[in-house]
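As structure tokens, the structure follows; a few thoughts come after it.
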Amino acid sequence: ISSLIDDSEIYRETILTLIAHVNELNKVGALPSNDAEAIINTLRSLAKEPYKPSDEYEDVHEYIEAMLIQRLGNSGGWIGLGRSRNDHVATALRLRLRRLIIEIASSIIELRRVALNKAIETADAVIIGTTHRQPAQATTLGHYMLYLDELSRDFLTNLLSIYETVNKSPLGSGPLAGTMVKLNRVREAEELTFNGIVENTAYATGSRYFMLAAASITVSYLVELGRFINNIEMWLMPQLNYVTLEPSHLATSSIMPHKRNPATLEVFRARIGEAVGHLTSMYSIERPVEAGYQLDLQEETRHAWLIMRIAIDGVGIIADLLRGIKVNEERVKEDLAKYPVTAAEYAELMSMSRGIPFRDAHREVAVMIKEGKNPGINPVEAIRGKEVLGSPNPSIVIESAKARLIELSSIETRVKELEVRVNKAEAELMGG
């Protein structure tokens with residue numbers, strides 16, 4: 001039943017929680033100042049030491065309390081007053097999760113910056129877009145970069161919204177129904193720079209909605225990002241050869257020297273599958289548990305950390321890959337001449353210029369294709385002729401990308417401010 005290994009993820013956060021708790025015990029007169037000072041100094045020393053508990057302890061909470069008693073004698077036992085592992089672990093989890101959310105948000109901001117700059121760079125780099133894995137319409141790599149940015153923008157918006165849910169304090173809730181110690185929960189929350197408290201004490205200790213919400217939206221994003229990976233891998237196939245990547249993302253075969261395998265994409269895509277599995281485990285673990293703390297919940301936690309790490313590492317990989325992606329223009333031109341990917345635009349122009357219903361024009365073009373003809377218009381003209389917002393028209397792509405870069409700058413400022421607040425509060429608690 002031990003969670004010692006998993007608890008290494010929240011060792012520092014557990015100490016931060018205990019320091020805030022001891023401060024509050026002292027402020028309400030429940031703990032003598034000299035004992036409070038000794039406990040806090042010892043906790044700060046423990047935070048600087050490696051986390052290497054022996055197997056005799058059940059979890060990080062028991063380990064830290066034992067270390068306090070070992071070093072301070074009976075006065076170390078004050079740490080148990082007005083607290084439960086239930087409210088303290090919930091607090092530590094939220095402290096750790098909010099840092100991971102900030103880290104993911106920062107990595108998404110960088111990915112968006114790379115994608116938007118690449119959109120400007122490749123706004124007129126024609127590529128053949130597909131639906132049903134069939135050649136569909138002429139578009140640009142810049143247009144696809146804005147696809148990735150819009151997906152990432154939605155995720156970032158949702159992630160920062162979930163941050164507000166995570167960034168609330170359960171501290172002082174006790175095991176379920178509070179404590180007899182007159183703790184000021186709002187003051188504790190402010191010391192840990194939480195944005196308020198989780199008010200209901202049973203919900204504060206027994207719910208993991210905040211963790212499920214963060215993990216769920218992250219996995220949803222990873223799944224969509226995986227679909228984008230499939231496009232890149234498809235474009236890399238020698239049969240298409242629409243794009244090239246930096247060699248650092250490719251690997252040759254152990255026996256076939258002609259191979260250029262997209263190694264980083266393949267491994268990340270596999271890990272996205274792992275993330276889906278971890279999220280399914282979280283749902284499966286939590287589903288049968290009633291609204292109160294049970295050890296099932298500690299088994300859920302490791303899956304959340306693994307999901308977050310997969311996201312942080314994977315987003316960094318994709319950002320690095322996109323910096324070096326280039327369109328093989330000559331190869332794309334070959335297929336533009338081969339497939340009637342501007343047939344739809346040709347039919348639309350026919351309908352408008354001749355004043356005939358689109359279905360009549362569509363039928364005429366279909367007959368031409370059936371007869372082996374390749375009806376269409378110049379792909380570049382087709383792309384530039386589209387003035388609808390969100391189209392691959394290079395001027396629209398560039399204008400949109402530049403506007404989003406300005407918007408991204410303000411979001412980055414907000415995320416950095418969150419990080420500064422967290423760093424400042426935690427440094428003060430640690431005495432630094």
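Each chain in the structure tokens gets a letter, A, B and so on, in the order shown; residues start at 1 in every chain, and ligands are counted from 1 in the order they appear.
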Shell around His362 of chain A at 8 Å using only C-alpha atoms, local window under 3 positions removed, as a PyMOL selection string: chain A and resi 344+347+358-359+365-366
Could you produce a table of the residues of segment 358-422 of chain A lying within 12 Å of segment 149-165 of chain A, with the nearest pair of atoms per residue and their separation in Å rounded to one decimal, using only C-alpha atoms, ordered by chain and increasing residue number, as JSON lines?
```
{"residue": "A:Gly390", "atom": "CA", "partner": "A:Glu150", "partner_atom": "CA", "distance": 10.6}
{"residue": "A:Val397", "atom": "CA", "partner": "A:Asp149", "partner_atom": "CA", "distance": 11.6}
{"residue": "A:Ser400", "atom": "CA", "partner": "A:Asp149", "partner_atom": "CA", "distance": 10.7}
{"residue": "A:Ala401", "atom": "CA", "partner": "A:Asp149", "partner_atom": "CA", "distance": 8.9}
{"residue": "A:Arg404", "atom": "CA", "partner": "A:Asp149", "partner_atom": "CA", "distance": 8.9}
{"residue": "A:Leu405", "atom": "CA", "partner": "A:Asp149", "partner_atom": "CA", "distance": 10.3}
{"residue": "A:Glu407", "atom": "CA", "partner": "A:Arg153", "partner_atom": "CA", "distance": 10.2}
{"residue": "A:Leu408", "atom": "CA", "partner": "A:Arg153", "partner_atom": "CA", "distance": 8.9}
{"residue": "A:Ile411", "atom": "CA", "partner": "A:Leu156", "partner_atom": "CA", "distance": 9.2}
{"residue": "A:Glu412", "atom": "CA", "partner": "A:Leu156", "partner_atom": "CA", "distance": 10.6}
{"residue": "A:Arg414", "atom": "CA", "partner": "A:Leu160", "partner_atom": "CA", "distance": 9.7}
{"residue": "A:Val415", "atom": "CA", "partner": "A:Leu160", "partner_atom": "CA", "distance": 8.5}
{"residue": "A:Leu418", "atom": "CA", "partner": "A:Tyr163", "partner_atom": "CA", "distance": 10.0}
{"residue": "A:Glu419", "atom": "CA", "partner": "A:Tyr163", "partner_atom": "CA", "distance": 11.8}
```
Just C-alpha atoms for this one: save the residues we selected as a short mmCIF file (atom, residue, chain, number, x, y, z; two decimals), in the first residue's frame.
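part11.cif, written as the output of this step:
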```cif
data_model
loop_
_atom_site.label_atom_id
_atom_site.label_comp_id
_atom_site.auth_asym_id
_atom_site.auth_seq_id
_atom_site.Cartn_x
_atom_site.Cartn_y
_atom_site.Cartn_z
CA GLY A 390 -9.42 31.38 -42.63
CA VAL A 397 -2.51 33.60 -43.48
CA SER A 400 -3.79 36.16 -39.12
CA ALA A 401 -0.43 34.81 -37.96
CA ARG A 404 -2.02 35.89 -33.22
CA LEU A 405 1.64 36.56 -32.40
CA GLU A 407 -2.16 38.03 -28.86
CA LEU A 408 0.32 35.33 -27.85
CA ILE A 411 -0.83 35.38 -22.96
CA GLU A 412 2.86 34.74 -22.37
CA ARG A 414 0.06 36.31 -18.07
CA VAL A 415 1.67 32.86 -17.73
CA LEU A 418 1.54 33.24 -12.66
CA GLU A 419 4.96 31.62 -12.46
#
```
Could you please write out, as a PyMOL selection string, every residue of segment 148-313 of chain A that DSSP assigns to helix (DSSP H, G or I)? chain A and resi 148-166+185-191+201-206+209-236+247-249+263-286+296-313
At a cut-off of 12 Å, using only C-alpha atoms, what residues contact Val114 of chain A? Leave out same-chain residues fewer than 4 positions from it and give the result as a PyMOL selection string. chain A and resi 107-110+118-122+142+145-146+148-149+152+315-325+401+404-405+408
Determine, for each residue of segment 197-259 of chain A having at least one atom at most 8 Å from an atom of segment 303-313 of chain A, the closest pair of atoms and their separation in Å to one decimal, counting only C-alpha atoms; order by chain and ascending number, as JSON lines.
```
{"residue": "A:Met211", "atom": "CA", "partner": "A:Ala304", "partner_atom": "CA", "distance": 7.0}
{"residue": "A:Leu212", "atom": "CA", "partner": "A:Ala304", "partner_atom": "CA", "distance": 7.9}
{"residue": "A:Ala215", "atom": "CA", "partner": "A:Ala304", "partner_atom": "CA", "distance": 6.0}
{"residue": "A:Thr218", "atom": "CA", "partner": "A:Ala311", "partner_atom": "CA", "distance": 7.2}
{"residue": "A:Val219", "atom": "CA", "partner": "A:Ile307", "partner_atom": "CA", "distance": 7.3}
{"residue": "A:Leu222", "atom": "CA", "partner": "A:Ala311", "partner_atom": "CA", "distance": 7.0}
```
Between A:Val126, A:Ile272, A:Leu240, A:Leu192, single out the one closest to Lys424 of chain A, counting only C-alpha atoms.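 Closest to Lys424 of chain A of all the choices is A:Leu192.
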Could you check how far atom CA of Lys48 of chain A sits from atom CA of Ala92 of chain A, in Å to one decimal?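 Pair atom CA of Lys48 of chain A / atom CA of Ala92 of chain A returns 17.2 Å.
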Shell around Ser8 of chain A at 12 Å using only C-alpha atoms, local window under 5 positions removed, as a count of residues only: 20
Taking into account only C-alpha atoms, which residue in the set A:Ala361, A:Leu4, A:Met350, A:Leu225 is nearest to Leu111 of chain A? A:Leu225
Go through A:Val223, A:Leu72, A:Met234, A:Ala115 one by one, measure the shortest atom-to-atom distance of each to Glu274 of chain A using only C-alpha atoms, and give the residue with the smallest value. A:Val223
Need to verify the contact set: Arg260 of chain A, 6 Å, only C-alpha atoms, exclusion of same-chain residues closer than 4 positions in sequence. Can you return it as a short mmCIF file (atom, residue, chain, number, x, y, z; two decimals) with C-alpha atoms, in the first residue's frame?
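The file below, part.cif, is the result:
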```cif
data_model
loop_
_atom_site.label_atom_id
_atom_site.label_comp_id
_atom_site.auth_asym_id
_atom_site.auth_seq_id
_atom_site.Cartn_x
_atom_site.Cartn_y
_atom_site.Cartn_z
CA LEU A 250 15.03 10.83 -38.51
CA ALA A 251 16.71 7.45 -38.11
CA THR A 252 17.97 4.94 -40.60
#
```
Measuring atom to atom with only C-alpha atoms, identify which of A:Thr140, A:Ser173, A:Ser391, A:Ser33 is nearest to Glu329 of chain A.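 Result for the nearest residue to Glu329 of chain A: A:Thr140.
Going from atom CA of Phe194 of chain A over to atom CA of Met282 of chain A, you cover 24.9 Å.
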Length of the atom CA of Ala425 of chain A to atom CA of Glu191 of chain A vector [Å]: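 Distance reported for this atom pair: 6.8 Å.
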